[in-house]
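> Just one file: protein37.csv, with CSV, C-alpha atoms.
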```
chain,number,residue,atom,x,y,z
A,1,MET,CA,238.3,128.7,-2.6
A,2,ALA,CA,238.2,125.5,-0.6
A,3,GLY,CA,240.1,125.5,2.7
A,4,ALA,CA,243.9,125.8,2.8
A,5,PRO,CA,245.7,122.8,1.3
A,6,GLY,CA,247.3,120.4,3.8
A,7,GLY,CA,245.5,121.7,6.8
A,8,ARG,CA,242.4,120.6,8.8
A,9,ALA,CA,240.1,123.7,8.9
A,10,PRO,CA,237.6,123.5,11.7
A,11,GLY,CA,234.8,124.6,9.4
A,12,PRO,CA,232.7,123.1,6.7
A,13,ALA,CA,234.4,120.0,5.3
A,14,ALA,CA,235.7,120.3,1.8
A,15,GLY,CA,232.8,119.8,-0.6
A,16,GLU,CA,230.1,120.5,2.0
A,17,PRO,CA,228.0,123.3,0.5
A,18,LEU,CA,227.2,126.4,2.5
A,19,PRO,CA,223.5,126.5,3.3
A,20,GLN,CA,221.5,128.2,0.4
A,21,ARG,CA,219.6,127.5,-2.8
A,22,ARG,CA,220.8,124.7,-5.1
A,23,ASP,CA,219.3,126.0,-8.2
A,24,SER,CA,221.8,128.7,-9.1
A,25,GLY,CA,224.7,128.2,-11.4
A,26,GLN,CA,224.5,124.5,-12.3
A,27,GLY,CA,225.1,125.1,-16.0
A,28,PHE,CA,223.1,127.7,-17.9
A,29,PRO,CA,219.8,128.5,-16.3
A,30,GLU,CA,216.7,127.4,-18.3
A,31,GLN,CA,215.0,130.8,-17.9
A,32,GLN,CA,217.0,134.0,-17.8
A,33,SER,CA,215.6,136.3,-15.1
A,34,PHE,CA,215.2,140.0,-16.2
A,35,LEU,CA,218.3,141.0,-14.2
A,36,SER,CA,220.6,138.3,-15.5
A,37,SER,CA,219.4,139.2,-19.1
A,38,LEU,CA,220.9,142.7,-18.6
A,39,PHE,CA,224.4,141.1,-18.3
A,40,PRO,CA,226.2,139.6,-21.3
A,41,ARG,CA,226.6,135.9,-21.4
A,42,ASN,CA,230.3,136.0,-20.6
A,43,ARG,CA,229.6,137.3,-17.1
A,44,SER,CA,227.7,134.2,-16.0
A,45,CYS,CA,229.3,132.4,-13.1
A,46,PRO,CA,229.9,129.1,-14.8
A,47,LEU,CA,231.7,130.8,-17.7
A,48,MET,CA,233.7,132.9,-15.3
A,49,LEU,CA,234.6,129.8,-13.4
A,50,LEU,CA,235.8,128.1,-16.5
A,51,LYS,CA,237.9,131.0,-17.6
A,52,THR,CA,239.4,131.3,-14.2
A,53,LEU,CA,240.3,127.6,-14.0
A,54,GLU,CA,242.0,127.9,-17.4
A,55,THR,CA,243.9,131.1,-17.1
A,56,ASN,CA,244.3,132.4,-13.5
A,57,PRO,CA,247.8,131.6,-12.1
A,58,TYR,CA,246.6,131.8,-8.5
A,59,VAL,CA,243.9,129.2,-9.1
A,60,LYS,CA,246.1,126.9,-11.2
A,61,LEU,CA,248.8,126.8,-8.5
A,62,LEU,CA,246.2,126.1,-5.7
A,63,LEU,CA,244.7,123.3,-7.8
A,64,ASP,CA,248.1,121.8,-8.6
A,65,ALA,CA,249.0,121.8,-4.9
A,66,MET,CA,245.7,120.3,-3.9
A,67,LYS,CA,246.0,117.6,-6.5
A,68,HIS,CA,249.5,116.9,-5.2
A,69,SER,CA,248.0,116.3,-1.8
A,70,GLY,CA,245.4,113.9,-3.1
A,71,CYS,CA,242.5,116.4,-3.5
A,72,ALA,CA,242.1,116.6,-7.3
A,73,ILE,CA,239.4,119.1,-8.2
A,74,ASN,CA,236.3,118.2,-10.2
A,75,LYS,CA,234.7,121.4,-11.4
A,76,GLU,CA,231.2,119.9,-11.2
A,77,ARG,CA,231.7,118.5,-7.8
A,78,HIS,CA,233.8,121.0,-5.9
A,79,PHE,CA,232.5,124.4,-7.1
A,80,SER,CA,229.1,126.0,-6.6
A,81,CYS,CA,227.9,129.3,-8.0
A,82,GLU,CA,226.1,131.2,-5.3
A,83,ASP,CA,224.8,134.7,-4.8
A,84,CYS,CA,226.7,136.3,-1.9
A,85,ASP,CA,226.9,139.5,0.1
A,86,GLY,CA,229.7,141.7,-1.2
A,87,ASN,CA,231.2,142.0,2.3
A,88,VAL,CA,232.4,138.4,2.5
A,89,SER,CA,235.4,136.8,0.8
A,90,GLY,CA,234.6,133.1,0.9
A,91,GLY,CA,232.5,131.3,3.5
A,92,PHE,CA,235.3,130.1,5.9
A,93,ASP,CA,234.4,130.2,9.5
A,94,SER,CA,237.9,129.7,10.9
A,95,SER,CA,240.1,132.7,11.7
A,96,THR,CA,243.1,131.0,10.2
A,97,SER,CA,241.4,130.5,6.8
A,98,GLN,CA,240.2,134.1,6.9
A,99,ILE,CA,243.7,135.5,7.6
A,100,ARG,CA,245.2,133.4,4.8
A,101,ALA,CA,242.4,134.4,2.4
A,102,ALA,CA,242.8,138.1,3.1
A,103,ASN,CA,246.6,137.8,3.0
A,104,LEU,CA,247.1,135.8,-0.2
A,105,SER,CA,244.1,136.5,-2.4
A,106,GLY,CA,244.8,140.1,-3.3
A,107,ASP,CA,241.9,141.2,-1.2
A,108,CYS,CA,244.2,143.4,0.8
A,109,SER,CA,246.3,144.7,-2.0
A,110,LEU,CA,247.1,148.4,-2.0
A,111,ILE,CA,244.7,149.0,-4.9
A,112,SER,CA,241.8,147.1,-3.3
A,113,GLU,CA,242.2,149.2,-0.2
A,114,ILE,CA,242.4,152.4,-2.1
A,115,PHE,CA,239.2,151.6,-3.8
A,116,ARG,CA,237.6,151.1,-0.4
A,117,LEU,CA,238.9,154.6,0.5
A,118,ARG,CA,241.2,153.1,3.2
A,119,PHE,CA,244.5,154.9,2.8
A,120,GLY,CA,247.6,153.7,4.6
A,121,LEU,CA,251.0,152.7,3.3
A,122,LYS,CA,253.5,151.5,5.8
A,123,LYS,CA,252.5,148.0,7.0
A,124,HIS,CA,248.9,148.8,6.1
A,125,HIS,CA,248.5,145.3,4.5
A,126,GLN,CA,248.6,143.7,7.9
A,127,THR,CA,245.9,146.0,9.3
A,128,CYS,CA,243.8,145.2,6.3
A,129,VAL,CA,244.3,141.4,6.7
A,130,ARG,CA,243.2,141.6,10.4
A,131,ASP,CA,240.2,143.8,9.6
A,132,ARG,CA,239.0,141.7,6.6
A,133,ALA,CA,239.5,138.5,8.6
A,134,VAL,CA,237.4,139.9,11.5
A,135,LEU,CA,234.6,141.1,9.1
A,136,SER,CA,234.5,137.7,7.3
A,137,ILE,CA,234.2,135.8,10.6
A,138,LEU,CA,231.4,138.2,11.8
A,139,ALA,CA,229.6,137.5,8.6
A,140,VAL,CA,229.3,133.8,9.3
A,141,ARG,CA,229.4,133.6,13.1
A,142,ASN,CA,227.1,135.2,15.6
A,143,ILE,CA,229.8,136.5,18.0
A,144,SER,CA,230.9,139.8,19.2
A,145,THR,CA,233.5,141.9,17.4
A,146,GLU,CA,235.8,141.6,20.4
A,147,LEU,CA,235.7,137.9,20.3
A,148,ALA,CA,236.3,137.8,16.6
A,149,GLN,CA,239.3,140.1,17.0
A,150,GLN,CA,240.6,137.9,19.8
A,151,ALA,CA,240.3,134.8,17.6
A,152,VAL,CA,242.3,136.6,14.9
A,153,ASP,CA,245.0,137.9,17.2
A,154,GLU,CA,245.6,134.5,18.7
A,155,VAL,CA,246.6,132.9,15.4
A,156,PHE,CA,247.7,136.0,13.4
A,157,GLU,CA,251.5,135.6,13.7
A,158,SER,CA,251.5,132.0,12.5
A,159,CYS,CA,248.8,132.4,9.8
A,160,PHE,CA,250.0,135.6,8.4
A,161,ASN,CA,253.4,133.9,7.7
A,162,ASP,CA,251.9,130.8,6.2
A,163,HIS,CA,252.1,131.4,2.5
A,164,GLU,CA,251.5,127.8,1.3
A,165,PRO,CA,251.5,126.9,-1.5
A,166,PHE,CA,252.8,130.2,-2.9
A,167,GLY,CA,256.0,130.5,-0.9
A,168,ARG,CA,255.5,134.3,-0.9
A,169,ILE,CA,252.6,136.8,-0.8
A,170,PRO,CA,251.4,136.8,-4.5
A,171,HIS,CA,250.8,140.6,-4.9
A,172,ASP,CA,249.7,140.1,-8.5
A,173,LYS,CA,249.7,137.5,-11.3
A,174,THR,CA,253.4,137.8,-12.0
A,175,TYR,CA,254.2,136.7,-8.4
A,176,ALA,CA,251.6,133.9,-8.8
A,177,ARG,CA,253.2,132.8,-12.0
A,178,TYR,CA,256.6,132.7,-10.4
A,179,ALA,CA,255.2,130.8,-7.4
A,180,ARG,CA,253.7,128.2,-9.8
A,181,ARG,CA,257.0,127.9,-11.6
A,182,ASP,CA,258.7,127.2,-8.3
A,183,PHE,CA,256.0,124.7,-7.3
A,184,GLN,CA,256.5,122.8,-10.5
A,185,ASN,CA,260.3,122.8,-9.9
A,186,ARG,CA,260.1,121.7,-6.3
A,187,ASP,CA,261.5,118.2,-6.8
A,188,ARG,CA,264.7,119.5,-8.5
A,189,TYR,CA,264.8,122.3,-5.8
A,190,TYR,CA,264.7,120.1,-2.7
A,191,SER,CA,267.1,117.5,-4.1
A,192,ASN,CA,269.7,120.1,-5.0
A,193,ILE,CA,270.0,122.3,-1.9
B,1,GLY,CA,273.2,121.1,-10.7
B,2,PRO,CA,271.7,124.2,-9.2
B,3,PRO,CA,268.3,124.0,-7.5
B,4,ARG,CA,266.8,126.5,-9.9
B,5,PRO,CA,267.6,127.4,-13.5
B,6,CYS,CA,269.9,130.4,-13.3
B,7,GLU,CA,267.4,132.6,-15.2
B,8,ALA,CA,265.1,132.2,-12.2
B,9,TYR,CA,267.6,134.0,-10.0
B,10,ARG,CA,267.8,136.8,-12.5
B,11,ALA,CA,264.0,137.0,-12.7
B,12,GLU,CA,263.7,137.2,-8.9
B,13,TRP,CA,266.4,139.8,-8.7
B,14,GLU,CA,264.8,142.0,-11.3
B,15,LEU,CA,261.3,141.6,-9.7
B,16,CYS,CA,262.8,142.4,-6.3
B,17,ARG,CA,264.4,145.6,-7.5
B,18,SER,CA,261.3,146.9,-9.3
B,19,THR,CA,259.5,149.9,-8.0
B,20,TRP,CA,256.3,148.0,-7.8
B,21,HIS,CA,257.8,145.4,-5.6
B,22,PHE,CA,259.4,148.0,-3.4
B,23,LEU,CA,255.9,149.5,-2.9
B,24,HIS,CA,254.3,146.2,-2.1
B,25,HIS,CA,257.1,145.1,0.2
B,26,TYR,CA,256.9,148.4,2.1
B,27,TYR,CA,253.1,148.1,2.2
B,28,VAL,CA,253.4,144.7,3.8
B,29,TYR,CA,256.5,144.9,6.0
B,30,GLY,CA,257.1,148.6,6.6
B,31,GLN,CA,260.7,148.4,5.3
B,32,ARG,CA,262.5,148.2,2.0
B,33,PRO,CA,263.2,144.8,0.5
B,34,ALA,CA,266.7,143.2,0.4
B,35,CYS,CA,267.6,142.1,-3.1
B,36,GLN,CA,271.4,141.6,-3.1
B,37,GLN,CA,271.1,138.0,-2.1
B,38,TRP,CA,269.3,137.2,-5.4
B,39,LEU,CA,272.2,138.7,-7.3
B,40,ARG,CA,274.8,136.7,-5.3
B,41,ASP,CA,272.7,133.6,-6.0
B,42,LEU,CA,272.6,134.4,-9.7
B,43,LEU,CA,276.4,134.8,-9.9
B,44,ASN,CA,277.0,131.6,-7.8
B,45,CYS,CA,274.5,129.7,-10.0
B,46,ARG,CA,276.5,130.6,-13.1
B,47,ASP,CA,279.8,129.7,-11.4
B,48,TRP,CA,278.4,126.4,-10.4
B,49,GLU,CA,276.9,125.6,-13.8
B,50,GLN,CA,279.8,126.9,-16.0
B,51,ARG,CA,282.9,126.4,-13.9
B,52,ARG,CA,281.6,123.7,-11.6
B,53,SER,CA,282.8,125.8,-8.7
B,54,ALA,CA,282.5,123.9,-5.3
B,55,GLU,CA,282.6,127.2,-3.4
B,56,ALA,CA,279.7,128.6,-5.5
B,57,GLN,CA,277.7,125.4,-4.9
B,58,ARG,CA,278.2,125.7,-1.2
B,59,SER,CA,277.2,129.4,-1.1
B,60,LEU,CA,274.1,128.9,-3.2
B,61,CYS,CA,272.9,125.9,-1.1
B,62,GLU,CA,273.5,127.8,2.1
B,63,SER,CA,271.5,130.7,0.7
B,64,GLU,CA,268.6,128.5,-0.3
B,65,GLN,CA,268.6,126.6,3.0
B,66,ALA,CA,268.3,129.9,4.8
B,67,ARG,CA,265.3,130.8,2.6
B,68,VAL,CA,263.6,127.5,3.5
B,69,GLN,CA,264.2,128.1,7.2
B,70,ALA,CA,262.9,131.7,6.9
B,71,ARG,CA,259.6,130.4,5.5
B,72,LYS,CA,258.9,128.1,8.4
B,73,HIS,CA,256.2,129.1,10.8
B,74,THR,CA,254.4,127.6,13.8
B,75,LEU,CA,251.6,125.3,12.7
B,76,VAL,CA,248.2,126.2,13.9
B,77,TRP,CA,246.5,123.1,12.5
B,78,THR,CA,247.3,119.4,12.8
B,79,LEU,CA,248.1,118.4,9.2
B,80,ARG,CA,246.0,115.8,7.5
B,81,GLN,CA,247.7,112.6,6.6
B,82,SER,CA,245.2,111.9,3.8
B,83,PRO,CA,242.3,113.7,2.0
B,84,PRO,CA,238.8,113.5,3.4
B,85,ALA,CA,237.1,110.1,2.6
B,86,ASP,CA,234.2,111.7,0.9
B,87,TRP,CA,236.2,114.1,-1.3
B,88,HIS,CA,235.2,112.4,-4.6
B,89,LEU,CA,231.7,111.2,-3.5
B,90,PRO,CA,228.6,113.0,-4.8
B,91,LEU,CA,227.1,115.6,-2.5
B,92,PRO,CA,224.4,114.2,-0.2
B,93,GLN,CA,221.5,116.0,-2.0
B,94,GLU,CA,222.6,114.6,-5.3
B,95,LYS,CA,222.5,111.1,-4.0
B,96,ASP,CA,218.8,111.5,-3.2
B,97,GLU,CA,217.9,112.8,-6.6
```
Please express the file's structure as structure tokens.

Amino acid sequence: MAGAPGGRAPGPAAGEPLPQRRDSGQGFPEQQSFLSSLFPRNRSCPLMLLKTLETNPYVKLLLDAMKHSGCAINKERHFSCEDCDGNVSGGFDSSTSQIRAANLSGDCSLISEIFRLRFGLKKHHQTCVRDRAVLSILAVRNISTELAQQAVDEVFESCFNDHEPFGRIPHDKTYARYARRDFQNRDRYYSNI
Amino acid sequence: GPPRPCEAYRAEWELCRSTWHFLHHYYVYGQRPACQQWLRDLLNCRDWEQRRSAEAQRSLCESEQARVQARKHTLVWTLRQSPPADWHLPLPQEKDE
């Protein structure tokens, strides 16, 4: 995901690649490595990207909103397939972007947390968002845990309640579909309330 | 006419009342969700549409304005006025190739 629409993230500018190899994921690789030959074709990053862009309601809404703000997405220009450490969700280095990502992506859904063997029900989502945000910051910044936690605490209240462009926390695709429907309806909505 | 098609209020009401939503809401906020307003909005929407009721229109608009207000939050960032200048330009490495 690129940074939150409508906001200036104090991190890599949109489109600036994170530092790593440029030879991965630009169309189909010329030579299949042994490992990648173990996985069927439809698991390749470029194919998964295409499928996601066409069918995922979260992504479709985000891209609609970005286009509406003047940042139309070009899938060759604005995406890059990269190998990454499983611990990180996205490469944002701002606490605000990390909080929004953990909050809105489904990363902190009840099911995801159960799979991580972290059990908690009442308000556990917020604990997860804080923890994931801190972990993601630590993965891209060489700072202490205390400092990362402080950075998250400072902006948590505001960023946790920023649900743009969804208007709600999209717990699953149904919520994301409803959110997209609302976004498409926004002109009628604001002129009739 | 109403800000949303009346079916949208029904859909939101039904989603709100589902067990799955109850679980998610409790998981996030530590309390049960409040769904009655969606039902009130659904009934007012129908009144507005079918009977052109001024009272229903007023109630529904008030309800939606309250929702808009509830979603406001302090901004952390200064909002951009325009996209980055280089948004559509090729990446620096590509220019050298």
> Using only C-alpha atoms, determine which residues lie at most 12 Å from Lys60 of chain A, disregarding the query and same-chain residues fewer than 6 positions distant; provide the list as a PyMOL selection string.
chain A and resi 1+50-54+66-67+72-73+165-166+173+176-177+179-181+183-184
> Please save C-alpha atoms of the selected residues as a PDB file, keeping the file's coordinate frame.

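Saved file out-v8.pdb follows:
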```pdb
ATOM      1  CA  MET A   1     238.300 128.700  -2.600  1.00  0.00           C
ATOM      2  CA  LEU A  50     235.800 128.100 -16.500  1.00  0.00           C
ATOM      3  CA  LYS A  51     237.900 131.000 -17.600  1.00  0.00           C
ATOM      4  CA  THR A  52     239.400 131.300 -14.200  1.00  0.00           C
ATOM      5  CA  LEU A  53     240.300 127.600 -14.000  1.00  0.00           C
ATOM      6  CA  GLU A  54     242.000 127.900 -17.400  1.00  0.00           C
ATOM      7  CA  MET A  66     245.700 120.300  -3.900  1.00  0.00           C
ATOM      8  CA  LYS A  67     246.000 117.600  -6.500  1.00  0.00           C
ATOM      9  CA  ALA A  72     242.100 116.600  -7.300  1.00  0.00           C
ATOM     10  CA  ILE A  73     239.400 119.100  -8.200  1.00  0.00           C
ATOM     11  CA  PRO A 165     251.500 126.900  -1.500  1.00  0.00           C
ATOM     12  CA  PHE A 166     252.800 130.200  -2.900  1.00  0.00           C
ATOM     13  CA  LYS A 173     249.700 137.500 -11.300  1.00  0.00           C
ATOM     14  CA  ALA A 176     251.600 133.900  -8.800  1.00  0.00           C
ATOM     15  CA  ARG A 177     253.200 132.800 -12.000  1.00  0.00           C
ATOM     16  CA  ALA A 179     255.200 130.800  -7.400  1.00  0.00           C
ATOM     17  CA  ARG A 180     253.700 128.200  -9.800  1.00  0.00           C
ATOM     18  CA  ARG A 181     257.000 127.900 -11.600  1.00  0.00           C
ATOM     19  CA  PHE A 183     256.000 124.700  -7.300  1.00  0.00           C
ATOM     20  CA  GLN A 184     256.500 122.800 -10.500  1.00  0.00           C
TER      21      GLN A 184
END
```
> Got a sec: who's within 12 Å of Lys122 of chain A, counting all atoms listed in the file, leaving out chain neighbours fewer than 5 positions off, as a PyMOL selection string?
(chain A and resi 110+127-128) or (chain B and resi 22-32)
> Please compute the atom CA of Ala54 of chain B-atom CA of Arg67 of chain B distance, one decimal, in Å.
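These atoms are spaced 20.1 Å apart.
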> Out of B:Thr74, B:Ser82, B:Asn44, B:Ser18, which residue has the shortest atom-to-atom distance to Cys61 of chain B when counting only C-alpha atoms?
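Among B:Thr74, B:Ser82, B:Asn44, B:Ser18, it is B:Asn44 that comes nearest to Cys61 of chain B.
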> Within 9 Å of chain B, which residues of chain A come that close, and what is the closest atom pair and distance in Å for each? Count all atoms listed in the file and give it as JSON lines.

```
{"residue": "A:Gly6", "atom": "CA", "partner": "B:Leu79", "partner_atom": "CA", "distance": 5.8}
{"residue": "A:Gly7", "atom": "CA", "partner": "B:Leu79", "partner_atom": "CA", "distance": 4.8}
{"residue": "A:Arg8", "atom": "CA", "partner": "B:Trp77", "partner_atom": "CA", "distance": 6.1}
{"residue": "A:Ala9", "atom": "CA", "partner": "B:Trp77", "partner_atom": "CA", "distance": 7.4}
{"residue": "A:Pro10", "atom": "CA", "partner": "B:Trp77", "partner_atom": "CA", "distance": 8.9}
{"residue": "A:Ala13", "atom": "CA", "partner": "B:Pro84", "partner_atom": "CA", "distance": 8.1}
{"residue": "A:Ala14", "atom": "CA", "partner": "B:Trp87", "partner_atom": "CA", "distance": 6.9}
{"residue": "A:Gly15", "atom": "CA", "partner": "B:Trp87", "partner_atom": "CA", "distance": 6.7}
{"residue": "A:Glu16", "atom": "CA", "partner": "B:Leu91", "partner_atom": "CA", "distance": 7.3}
{"residue": "A:Pro17", "atom": "CA", "partner": "B:Leu91", "partner_atom": "CA", "distance": 8.3}
{"residue": "A:Ser69", "atom": "CA", "partner": "B:Pro83", "partner_atom": "CA", "distance": 7.3}
{"residue": "A:Gly70", "atom": "CA", "partner": "B:Pro83", "partner_atom": "CA", "distance": 6.0}
{"residue": "A:Cys71", "atom": "CA", "partner": "B:Pro83", "partner_atom": "CA", "distance": 6.1}
{"residue": "A:Ala72", "atom": "CA", "partner": "B:His88", "partner_atom": "CA", "distance": 8.5}
{"residue": "A:Ile73", "atom": "CA", "partner": "B:His88", "partner_atom": "CA", "distance": 8.7}
{"residue": "A:Asn74", "atom": "CA", "partner": "B:His88", "partner_atom": "CA", "distance": 8.1}
{"residue": "A:Arg77", "atom": "CA", "partner": "B:Pro90", "partner_atom": "CA", "distance": 7.0}
{"residue": "A:His78", "atom": "CA", "partner": "B:Trp87", "partner_atom": "CA", "distance": 8.6}
{"residue": "A:Thr96", "atom": "CA", "partner": "B:Val76", "partner_atom": "CA", "distance": 7.9}
{"residue": "A:Ser109", "atom": "CA", "partner": "B:His24", "partner_atom": "CA", "distance": 8.1}
{"residue": "A:Leu110", "atom": "CA", "partner": "B:Tyr27", "partner_atom": "CA", "distance": 7.3}
{"residue": "A:Gly120", "atom": "CA", "partner": "B:Tyr27", "partner_atom": "CA", "distance": 8.2}
{"residue": "A:Leu121", "atom": "CA", "partner": "B:Tyr27", "partner_atom": "CA", "distance": 5.2}
{"residue": "A:Lys122", "atom": "CA", "partner": "B:Gly30", "partner_atom": "CA", "distance": 4.7}
{"residue": "A:Lys123", "atom": "CA", "partner": "B:Gly30", "partner_atom": "CA", "distance": 4.7}
{"residue": "A:His124", "atom": "CA", "partner": "B:Tyr27", "partner_atom": "CA", "distance": 5.8}
{"residue": "A:His125", "atom": "CA", "partner": "B:Val28", "partner_atom": "CA", "distance": 5.0}
{"residue": "A:Gln126", "atom": "CA", "partner": "B:Val28", "partner_atom": "CA", "distance": 6.4}
{"residue": "A:Val155", "atom": "CA", "partner": "B:Val76", "partner_atom": "CA", "distance": 7.0}
{"residue": "A:Glu157", "atom": "CA", "partner": "B:Thr74", "partner_atom": "CA", "distance": 8.5}
{"residue": "A:Ser158", "atom": "CA", "partner": "B:Thr74", "partner_atom": "CA", "distance": 5.4}
{"residue": "A:Cys159", "atom": "CA", "partner": "B:Val76", "partner_atom": "CA", "distance": 7.5}
{"residue": "A:Asn161", "atom": "CA", "partner": "B:His73", "partner_atom": "CA", "distance": 6.4}
{"residue": "A:Asp162", "atom": "CA", "partner": "B:His73", "partner_atom": "CA", "distance": 6.5}
{"residue": "A:His163", "atom": "CA", "partner": "B:Arg71", "partner_atom": "CA", "distance": 8.1}
{"residue": "A:Gly167", "atom": "CA", "partner": "B:Arg71", "partner_atom": "CA", "distance": 7.3}
{"residue": "A:Arg168", "atom": "CA", "partner": "B:Arg71", "partner_atom": "CA", "distance": 8.5}
{"residue": "A:His171", "atom": "CA", "partner": "B:His24", "partner_atom": "CA", "distance": 7.2}
{"residue": "A:Tyr175", "atom": "CA", "partner": "B:Leu15", "partner_atom": "CA", "distance": 8.7}
{"residue": "A:Tyr178", "atom": "CA", "partner": "B:Glu12", "partner_atom": "CA", "distance": 8.5}
{"residue": "A:Asp182", "atom": "CA", "partner": "B:Arg4", "partner_atom": "CA", "distance": 8.3}
{"residue": "A:Asn185", "atom": "CA", "partner": "B:Arg4", "partner_atom": "CA", "distance": 7.5}
{"residue": "A:Arg186", "atom": "CA", "partner": "B:Pro3", "partner_atom": "CA", "distance": 8.6}
{"residue": "A:Asp187", "atom": "CA", "partner": "B:Pro3", "partner_atom": "CA", "distance": 9.0}
{"residue": "A:Arg188", "atom": "CA", "partner": "B:Pro3", "partner_atom": "CA", "distance": 5.8}
{"residue": "A:Tyr189", "atom": "CA", "partner": "B:Pro3", "partner_atom": "CA", "distance": 4.2}
{"residue": "A:Tyr190", "atom": "CA", "partner": "B:Pro3", "partner_atom": "CA", "distance": 7.2}
{"residue": "A:Ser191", "atom": "CA", "partner": "B:Pro3", "partner_atom": "CA", "distance": 7.4}
{"residue": "A:Asn192", "atom": "CA", "partner": "B:Pro3", "partner_atom": "CA", "distance": 4.8}
{"residue": "A:Ile193", "atom": "CA", "partner": "B:Cys61", "partner_atom": "CA", "distance": 4.7}
```
> Between B:Trp38, B:Arg46, B:Arg51, B:Ala56, which one has atoms that come closest to Cys6 of chain B, using all atoms listed in the file?
B:Arg46
> In Å, rounded to a single decimal, give me how far atom CA of Leu61 of chain A is from atom CA of Ser80 of chain A.
19.8 Å
> Could you tell me how far atom CA of Val129 of chain A sits from atom CA of Lys75 of chain A, in Å to one decimal place?
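According to the coordinates, atom CA of Lys75 of chain A and atom CA of Val129 of chain A are separated by 28.6 Å.
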> Tell me which protein, DNA and RNA residues are within 10 Å of Trp13 of chain B, counting all atoms listed in the file, leaving out same-chain ones fewer than 2 positions away, and put them as a ChimeraX atom specification.
/B:7-11,15-18,34-42
